[in-house]
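protein-v4.cif, holding mmCIF, C-alpha atoms:
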```
data_start
loop_
_atom_site.label_atom_id
_atom_site.label_comp_id
_atom_site.auth_asym_id
_atom_site.auth_seq_id
_atom_site.Cartn_x
_atom_site.Cartn_y
_atom_site.Cartn_z
CA MET A 617 -68.16 186.07 20.39
CA THR A 618 -71.51 184.47 21.18
CA SER A 619 -74.22 186.88 22.35
CA LEU A 620 -77.53 186.59 24.19
CA ARG A 621 -79.27 187.06 20.85
CA ASP A 622 -77.47 184.02 19.42
CA VAL A 623 -78.62 181.92 22.38
CA ALA A 624 -82.17 183.25 22.02
CA GLU A 625 -82.28 182.29 18.35
CA ARG A 626 -80.96 178.79 19.07
CA ALA A 627 -83.47 178.26 21.91
CA GLN A 628 -86.28 180.00 19.96
CA VAL A 629 -87.17 182.40 22.77
CA ALA A 630 -86.93 186.15 23.37
CA VAL A 631 -83.63 187.74 24.37
CA SER A 632 -85.26 188.93 27.61
CA THR A 633 -86.18 185.33 28.47
CA VAL A 634 -82.57 184.22 27.96
CA SER A 635 -81.38 187.03 30.20
CA ALA A 636 -83.87 186.11 32.92
CA ALA A 637 -82.99 182.41 32.76
CA LEU A 638 -79.22 182.90 32.90
CA ASN A 639 -79.14 185.83 35.33
CA GLY A 640 -81.96 184.76 37.65
CA THR A 641 -83.73 188.12 37.43
CA ARG A 642 -87.19 186.52 37.15
CA PRO A 643 -88.67 182.99 37.11
CA VAL A 644 -88.56 181.02 33.87
CA ALA A 645 -90.37 177.74 33.20
CA ALA A 646 -88.13 174.77 33.95
CA ALA A 647 -88.38 173.29 30.44
CA THR A 648 -87.59 176.65 28.85
CA LYS A 649 -84.65 177.21 31.17
CA ARG A 650 -83.21 173.80 30.31
CA ARG A 651 -83.54 174.58 26.59
CA ILE A 652 -81.78 177.92 27.06
CA GLU A 653 -78.97 176.38 29.12
CA GLN A 654 -78.46 173.70 26.51
CA ALA A 655 -78.33 176.31 23.74
CA ALA A 656 -75.83 178.37 25.73
CA ALA A 657 -73.64 175.31 26.27
CA GLU A 658 -73.77 174.32 22.61
CA LEU A 659 -72.76 177.82 21.52
CA GLY A 660 -70.11 178.20 24.21
CA TYR A 661 -71.80 181.30 25.61
CA ARG A 662 -70.09 182.97 28.58
CA PRO A 663 -71.88 185.86 30.34
CA ASN A 664 -70.17 189.24 30.44
CA LEU A 665 -69.98 189.83 34.18
CA LEU A 666 -69.15 193.51 33.85
CA ALA A 667 -72.09 194.17 31.56
CA ARG A 668 -74.36 192.22 33.87
CA GLY A 669 -73.13 194.26 36.81
CA LEU A 670 -73.87 197.54 35.05
CA GLN A 671 -77.43 196.41 34.34
CA SER A 672 -78.32 194.78 37.66
CA LYS A 673 -75.83 196.54 40.00
CA ARG A 674 -74.71 193.02 40.96
CA THR A 675 -71.62 191.24 39.66
CA ARG A 676 -72.12 187.99 41.60
CA ILE A 677 -68.44 188.16 42.55
CA LEU A 678 -67.30 187.76 46.15
CA ALA A 679 -63.85 188.63 47.49
CA LEU A 680 -62.12 186.39 50.00
CA LEU A 681 -59.77 188.65 51.98
CA PHE A 682 -56.86 186.58 53.27
CA PRO A 683 -53.73 188.16 54.80
CA ALA A 684 -50.85 186.28 53.19
CA PRO A 685 -49.14 184.01 55.77
CA ARG A 686 -45.44 184.61 56.28
CA SER A 687 -44.74 181.02 55.24
CA GLY A 688 -47.08 181.16 52.22
CA PHE A 689 -50.38 179.44 51.59
CA GLY A 690 -50.38 175.85 52.78
CA LEU A 691 -52.82 172.97 52.45
CA THR A 692 -54.83 173.91 55.53
CA GLU A 693 -55.27 177.53 54.38
CA MET A 694 -56.31 176.54 50.89
CA GLN A 695 -59.00 174.20 52.20
CA PHE A 696 -60.80 177.27 53.57
CA ALA A 697 -60.63 178.93 50.15
CA THR A 698 -61.72 175.89 48.14
CA GLY A 699 -64.67 175.30 50.46
CA ALA A 700 -65.80 178.90 50.03
CA ALA A 701 -65.30 178.78 46.26
CA GLU A 702 -67.33 175.58 45.91
CA ALA A 703 -70.23 176.97 47.96
CA ALA A 704 -70.20 180.21 45.99
CA SER A 705 -70.20 178.36 42.67
CA GLU A 706 -73.13 176.19 43.71
CA LEU A 707 -75.15 179.34 44.35
CA GLY A 708 -74.18 181.08 41.12
CA TYR A 709 -71.35 183.27 42.45
CA HIS A 710 -67.65 183.56 41.70
CA LEU A 711 -64.98 183.86 44.40
CA LEU A 712 -61.99 186.16 44.05
CA LEU A 713 -59.09 185.30 46.36
CA SER A 714 -57.45 188.57 47.38
CA PRO A 715 -54.34 188.15 49.54
CA GLU A 716 -53.56 191.19 51.70
CA HIS A 717 -50.02 192.42 52.13
CA THR A 718 -49.21 195.82 53.63
CA ASP A 719 -52.18 198.06 54.40
CA PRO A 720 -55.39 195.99 54.59
CA ILE A 721 -57.68 199.03 54.81
CA GLU A 722 -56.15 200.68 51.76
CA GLU A 723 -56.44 197.42 49.83
CA LEU A 724 -60.05 197.08 50.95
CA ARG A 725 -60.78 200.65 49.90
CA HIS A 726 -59.32 199.96 46.46
CA LEU A 727 -61.10 196.62 46.05
CA THR A 728 -64.55 197.80 47.09
CA GLY A 729 -64.14 201.12 45.26
CA LEU A 730 -63.83 199.31 41.93
CA GLY A 731 -67.43 198.14 42.25
CA LEU A 732 -66.53 194.64 41.04
CA VAL A 733 -67.53 192.69 44.16
CA ASP A 734 -70.93 192.27 45.79
CA GLY A 735 -69.54 191.34 49.18
CA VAL A 736 -66.44 190.40 51.16
CA LEU A 737 -65.54 187.28 53.11
CA LEU A 738 -62.92 187.95 55.80
CA MET A 739 -60.36 185.42 57.01
CA GLU A 740 -57.55 185.49 59.58
CA VAL A 741 -59.72 187.67 61.80
CA GLY A 742 -58.20 189.57 64.73
CA LEU A 743 -60.06 190.17 67.98
CA ASP A 744 -60.13 193.91 67.19
CA ASP A 745 -60.14 193.68 63.41
CA GLU A 746 -60.21 197.12 61.78
CA ARG A 747 -61.50 195.68 58.50
CA THR A 748 -64.93 195.04 60.04
CA GLU A 749 -65.29 198.71 61.01
CA PHE A 750 -64.34 199.84 57.52
CA LEU A 751 -66.77 197.49 55.77
CA SER A 752 -69.62 198.34 58.14
CA ALA A 753 -69.08 202.07 57.63
CA ALA A 754 -68.84 201.62 53.86
CA GLY A 755 -72.07 199.60 53.76
CA VAL A 756 -70.34 196.63 52.10
CA PRO A 757 -71.94 193.26 52.97
CA PHE A 758 -69.49 190.85 54.59
CA SER A 759 -69.17 187.76 56.74
CA MET A 760 -66.26 186.27 58.67
CA ILE A 761 -64.45 182.95 58.85
CA GLY A 762 -63.36 183.52 62.42
CA ARG A 763 -64.73 186.20 64.72
CA THR A 764 -63.85 189.40 66.49
CA ARG A 765 -63.89 189.89 70.24
CA GLU A 766 -67.50 191.13 70.12
CA PRO A 767 -69.00 190.12 66.75
CA GLY A 768 -72.43 191.53 67.59
CA ALA A 769 -74.73 191.00 64.61
CA ILE A 770 -71.98 190.09 62.11
CA ASP A 771 -72.36 186.72 60.39
CA PHE A 772 -69.49 184.33 61.18
CA ALA A 773 -68.40 180.70 61.13
CA ASP A 774 -65.56 179.79 63.46
CA ILE A 775 -63.81 176.92 65.21
CA ASP A 776 -65.21 175.82 68.55
CA PHE A 777 -61.96 176.39 70.44
CA ALA A 778 -63.40 175.31 73.80
CA ALA A 779 -64.42 171.92 72.40
CA MET A 780 -61.08 171.56 70.62
CA ALA A 781 -59.12 172.13 73.82
CA ARG A 782 -61.35 169.78 75.83
CA ASP A 783 -60.84 167.03 73.25
CA ALA A 784 -57.06 167.49 73.26
CA VAL A 785 -56.83 167.49 77.04
CA ALA A 786 -59.16 164.49 77.36
CA HIS A 787 -56.99 162.60 74.86
CA VAL A 788 -53.73 163.03 76.78
CA ALA A 789 -55.40 162.61 80.20
CA GLY A 790 -56.97 159.38 78.98
CA LEU A 791 -53.50 158.09 78.14
CA GLY A 792 -52.38 158.81 81.72
CA HIS A 793 -50.45 162.05 81.22
CA ARG A 794 -50.46 164.47 84.15
CA LYS A 795 -48.55 167.42 82.71
CA LEU A 796 -49.23 169.08 79.35
CA ALA A 797 -47.41 171.92 77.60
CA PHE A 798 -48.77 174.09 74.80
CA PHE A 799 -46.75 175.94 72.14
CA ASN A 800 -48.94 178.72 70.70
CA LEU A 801 -48.50 180.58 67.42
CA SER A 802 -45.67 183.08 66.98
CA THR A 803 -45.11 186.07 69.23
CA ASP A 804 -46.13 188.36 66.36
CA ALA A 805 -49.48 186.59 65.88
CA TYR A 806 -50.18 186.68 69.59
CA ALA A 807 -49.21 190.35 69.92
CA ALA A 808 -51.51 191.21 66.99
CA GLN A 809 -54.42 189.67 68.92
CA TYR A 810 -54.98 187.09 66.19
CA GLY A 811 -58.20 185.35 67.21
CA PRO A 812 -57.13 181.68 67.01
CA ALA A 813 -53.91 182.32 68.96
CA ILE A 814 -55.69 184.09 71.81
CA ARG A 815 -58.68 181.73 71.99
CA ALA A 816 -56.62 178.53 71.76
CA GLY A 817 -54.33 179.69 74.56
CA GLU A 818 -57.23 180.61 76.82
CA GLU A 819 -59.18 177.42 76.18
CA PHE A 820 -56.22 175.06 76.61
CA ALA A 821 -55.49 176.60 80.01
CA ARG A 822 -59.16 176.35 81.00
CA ALA A 823 -59.51 172.72 79.83
CA ALA A 824 -56.30 171.61 81.59
CA GLU A 825 -57.41 173.18 84.86
CA ALA A 826 -60.84 171.54 84.62
CA ALA A 827 -59.21 168.14 84.01
CA GLY A 828 -56.74 168.55 86.87
CA LEU A 829 -53.67 168.47 84.61
CA ALA A 830 -50.54 170.45 85.35
CA TYR A 831 -50.16 172.89 82.47
CA VAL A 832 -47.34 174.96 80.94
CA ASP A 833 -47.74 177.69 78.33
CA GLY A 834 -46.12 180.99 77.37
CA PHE A 835 -44.09 179.50 74.50
CA ARG A 836 -44.70 181.01 71.05
CA PRO A 837 -42.26 179.59 68.46
CA GLY A 838 -42.90 180.57 64.85
CA SER A 839 -40.25 178.54 63.04
CA ALA A 840 -38.44 175.20 63.20
CA GLU A 841 -35.41 176.80 64.87
CA GLU A 842 -37.61 178.51 67.46
CA GLY A 843 -39.55 175.28 68.01
CA GLY A 844 -36.40 173.34 68.84
CA ALA A 845 -35.12 176.07 71.17
CA ALA A 846 -38.50 176.30 72.89
CA PHE A 847 -38.54 172.54 73.48
CA ASP A 848 -35.07 172.58 75.00
CA ARG A 849 -36.09 175.44 77.30
CA LEU A 850 -39.34 173.66 78.19
CA LEU A 851 -37.54 170.50 79.30
CA GLY A 852 -34.93 172.52 81.17
CA GLU A 853 -37.65 174.24 83.21
CA HIS A 854 -40.21 171.41 83.31
CA PRO A 855 -38.47 168.02 82.93
CA ASP A 856 -41.65 166.20 83.97
CA VAL A 857 -43.67 167.31 80.90
CA THR A 858 -44.78 164.23 78.97
CA ALA A 859 -47.25 165.67 76.44
CA LEU A 860 -46.94 168.66 74.13
CA ALA A 861 -49.47 170.36 71.81
CA VAL A 862 -47.98 172.57 69.07
CA MET A 863 -49.97 175.05 66.99
CA ASP A 864 -47.36 175.88 64.33
CA ASP A 865 -46.39 173.15 61.85
CA HIS A 866 -42.90 174.56 61.36
CA ALA A 867 -42.31 174.70 65.10
CA ALA A 868 -43.32 171.03 65.30
CA VAL A 869 -40.50 170.18 62.88
CA GLY A 870 -38.04 171.81 65.27
CA VAL A 871 -39.53 169.97 68.25
CA ILE A 872 -39.09 166.61 66.54
CA ALA A 873 -35.45 167.43 65.75
CA ALA A 874 -34.83 168.50 69.35
CA VAL A 875 -36.42 165.29 70.65
CA ALA A 876 -34.04 163.27 68.46
CA ARG A 877 -30.99 165.27 69.60
CA ARG A 878 -31.93 164.43 73.19
CA GLY A 879 -31.90 160.72 72.28
CA TRP A 880 -35.64 160.46 72.85
CA ARG A 881 -38.32 158.92 70.69
CA ILE A 882 -41.90 159.89 69.88
CA PRO A 883 -44.23 158.67 71.33
CA GLU A 884 -42.24 156.60 73.83
CA ASP A 885 -40.76 159.66 75.54
CA LEU A 886 -43.14 162.41 74.43
CA THR A 887 -46.71 162.52 73.14
CA LEU A 888 -46.83 165.22 70.46
CA MET A 889 -49.98 166.74 68.96
CA LEU A 890 -50.54 169.26 66.19
CA VAL A 891 -53.27 171.83 66.76
CA LEU A 892 -55.35 173.18 63.86
CA SER A 893 -53.51 171.29 61.14
CA SER A 894 -54.91 169.10 58.41
CA ALA A 895 -54.64 165.34 58.88
CA ARG A 896 -52.90 165.29 55.49
CA VAL A 897 -50.23 167.62 56.88
CA ALA A 898 -49.88 165.44 60.00
CA GLU A 899 -49.26 162.42 57.76
CA MET A 900 -46.14 164.11 56.34
CA PHE A 901 -44.41 163.89 59.72
CA HIS A 902 -42.56 160.86 61.04
CA PRO A 903 -44.10 159.49 63.06
CA ARG A 904 -47.55 160.47 61.81
CA LEU A 905 -48.72 163.08 64.30
CA THR A 906 -51.96 163.17 66.21
CA THR A 907 -53.81 166.32 65.18
CA LEU A 908 -56.81 168.45 66.00
CA GLU A 909 -57.97 168.93 62.41
CA PRO A 910 -59.88 172.16 61.73
CA PRO A 911 -63.14 171.98 59.74
CA SER A 912 -61.54 174.20 57.09
CA ALA A 913 -63.68 173.38 54.07
CA GLU A 914 -66.88 173.43 56.12
CA LEU A 915 -66.06 176.84 57.57
CA GLY A 916 -65.29 178.17 54.10
CA ARG A 917 -68.62 176.89 52.79
CA LEU A 918 -70.54 178.29 55.76
CA GLY A 919 -68.91 181.71 55.47
CA ALA A 920 -69.72 181.97 51.75
CA ARG A 921 -73.30 180.83 52.21
CA MET A 922 -73.85 183.29 55.05
CA LEU A 923 -72.60 186.13 52.87
CA ILE A 924 -74.79 185.11 49.94
CA ASP A 925 -77.83 184.81 52.22
CA ARG A 926 -77.07 188.34 53.43
CA LEU A 927 -76.90 189.59 49.84
CA GLN A 928 -80.19 187.95 48.93
CA GLY A 929 -82.26 189.24 51.85
CA ASP A 930 -82.43 190.55 55.38
CA ALA A 931 -81.95 187.24 57.17
CA PRO A 932 -81.18 187.28 60.90
CA PRO A 933 -77.46 187.03 61.78
CA ARG A 934 -76.04 183.53 61.49
CA GLN A 935 -73.21 182.55 63.81
CA ARG A 936 -71.79 179.03 63.95
CA LEU A 937 -69.06 177.33 65.96
CA VAL A 938 -67.82 174.06 64.45
CA PRO A 939 -65.68 171.54 66.39
CA CYS A 940 -62.34 170.18 65.22
CA ARG A 941 -61.78 166.48 64.59
CA LEU A 942 -59.32 164.58 66.75
CA VAL A 943 -57.30 162.36 64.42
CA VAL A 944 -55.11 160.03 66.48
CA GLY A 945 -51.78 159.32 64.83
CA ASP A 946 -48.64 157.43 65.85
CA SER A 947 -47.38 160.15 68.18
CA SER A 948 -49.69 159.40 71.13
CA ALA A 949 -48.84 156.95 73.92
CA PRO A 950 -48.90 156.68 77.72
CA PRO A 951 -46.27 158.79 79.55
CA ARG A 952 -42.69 157.60 79.74
CA LYS A 953 -41.75 155.52 82.75
CA GLY A 954 -40.33 157.18 85.79
CA VAL A 955 -42.38 160.40 85.45
#
```
Please express the file's structure as structure tokens.
Amino acid sequence: MTSLRDVAERAQVAVSTVSAALNGTRPVAAATKRRIEQAAAELGYRPNLLARGLQSKRTRILALLFPAPRSGFGLTEMQFATGAAEAASELGYHLLLSPEHTDPIEELRHLTGLGLVDGVLLMEVGLDDERTEFLSAAGVPFSMIGRTREPGAIDFADIDFAAMARDAVAHVAGLGHRKLAFFNLSTDAYAAQYGPAIRAGEEFARAAEAAGLAYVDGFRPGSAEEGGAAFDRLLGEHPDVTALAVMDDHAAVGVIAAVARRGWRIPEDLTLMLVLSSARVAEMFHPRLTTLEPPSAELGRLGARMLIDRLQGDAPPRQRLVPCRLVVGDSSAPPRKGV
């Protein structure tokens, strides 16, 4: 196994200079650093992260805490993780993806107690997220992708839900629709005060009222079967609805099936939008759905950079809201005739 001494001999410098160049513990002349890096590459040297951590009390490992979705990790979720991993790598850190399962506090206690991570990046943040209280009390640096009800001085990067809802409402209003319905995330997610579910519901209602659109909500399907049943109930109670925004991809599958059973077509009889889904996911539907695409990779990168900035100094809190991108597909059209 190649050692620091082997690299030092190849680069013809002291072992301490190799350590400084590769670990960033003190400045090293650019030409010398390049020579050391080339020697390390030629010898296939890989730093021992545990040994480095014992010496510097830093492992340069970050943990991304991500409660495992009931339906598993999809494309949209993984874009958050890959964005964070890329940003961490660019700044000399490694990202450990740690899915949570049963007791998030116990898992956090175990993870941070091992001493293997310098900081934690939280995802799937609830409005009253108990993980933030634990990490603050434990003195573990962290940042959030998402935000609590009152984030205070905690670093976070989150979706601009108000802008997202305004864009969605403006899109359907511009097509001539006068009544919009919104299917939120599942009842469980809403009851758990999951931030995106609560904020999206509030902002859609606010944007529809500001635009003068009739608005229907209160539906929270979490599966294809529930999505179809919710659509049938929606049309039974509100037959004049001509546009529908759906926040759960699986529920959208059920809506499309229910539309077909009714003998309707999208978009001729219903304008259908996905909310917070990747454009690549929307392309898998037929017809290709209009979507409000979340800035997943950008939020991941911002969250990781904020955490690393926090680790490297006492910077002021950084808090960013990033808008979604409206990607118009083949599921948007003016309202059906006679409504």
TODO: Using the chain letters and numbers from the file, give me the residues hit by the PyMOL selection byres ((chain A and resi 782) around 12), as a PyMOL selection string.
DONE: chain A and resi 776-781+783-790+816+818-827+829+908+939-942
- [ ] Give me the result of the PyMOL selection byres ((chain A and resi 885-902) around 7) on this file, residue by residue, as a ChimeraX atom specification.
- [x] /A:692,858-863,880-884,903-910,943,947-949,951-952
TODO: Go through the shown structure with the PyMOL selection byres ((chain A and resi 682) around 8) and write out the matching residues as a list in words.
DONE: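 With the PyMOL selection byres ((chain A and resi 682) around 8) on this model, the match is Leu680, Leu681, Pro683, Ala684, Leu713, Ser714, Pro715, Glu716, Leu738, Met739 and Glu740 of chain A.
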- [ ] Find, counting only C-alpha atoms, the residue in A:Glu841, A:Asp946, A:Glu723, A:Asp771 that gets nearest to Met922 (chain A).
- [x]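 The answer is A:Asp771, which sits nearest to Met922 (chain A).
Remark: for Ala808 (chain A), the closest of the candidate residues A:Ala646, A:Val741, A:Ala624, A:Ala637 is A:Val741 (distances computed over only C-alpha atoms).
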- [ ] Find the residue from A:Phe847, A:Val871, A:Gly742, A:Gly879 that sits nearest to Gly811 (chain A); use all atoms listed in the file when measuring.
- [x]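 Ranked by minimum distance to Gly811 (chain A), first place goes to A:Gly742.
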TODO: Kindly give the distance, in Å, that separates CA of Arg794 (chain A) and CA of Pro911 (chain A), rounded to a single decimal.
DONE: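 CA of Pro911 (chain A) lies at a distance of 28.5 Å from CA of Arg794 (chain A).
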TODO: Could you check which of A:Ala807, A:Ala679, A:Leu691, A:Ile814 is closest to Tyr709 (chain A), using all atoms listed in the file?
DONE: A:Ala679
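Among A:Ala701, A:Gln654, A:Glu746, A:Gln935, the residue with the shortest atom-to-atom distance to Asp719 (chain A), counting only C-alpha atoms, is A:Glu746.
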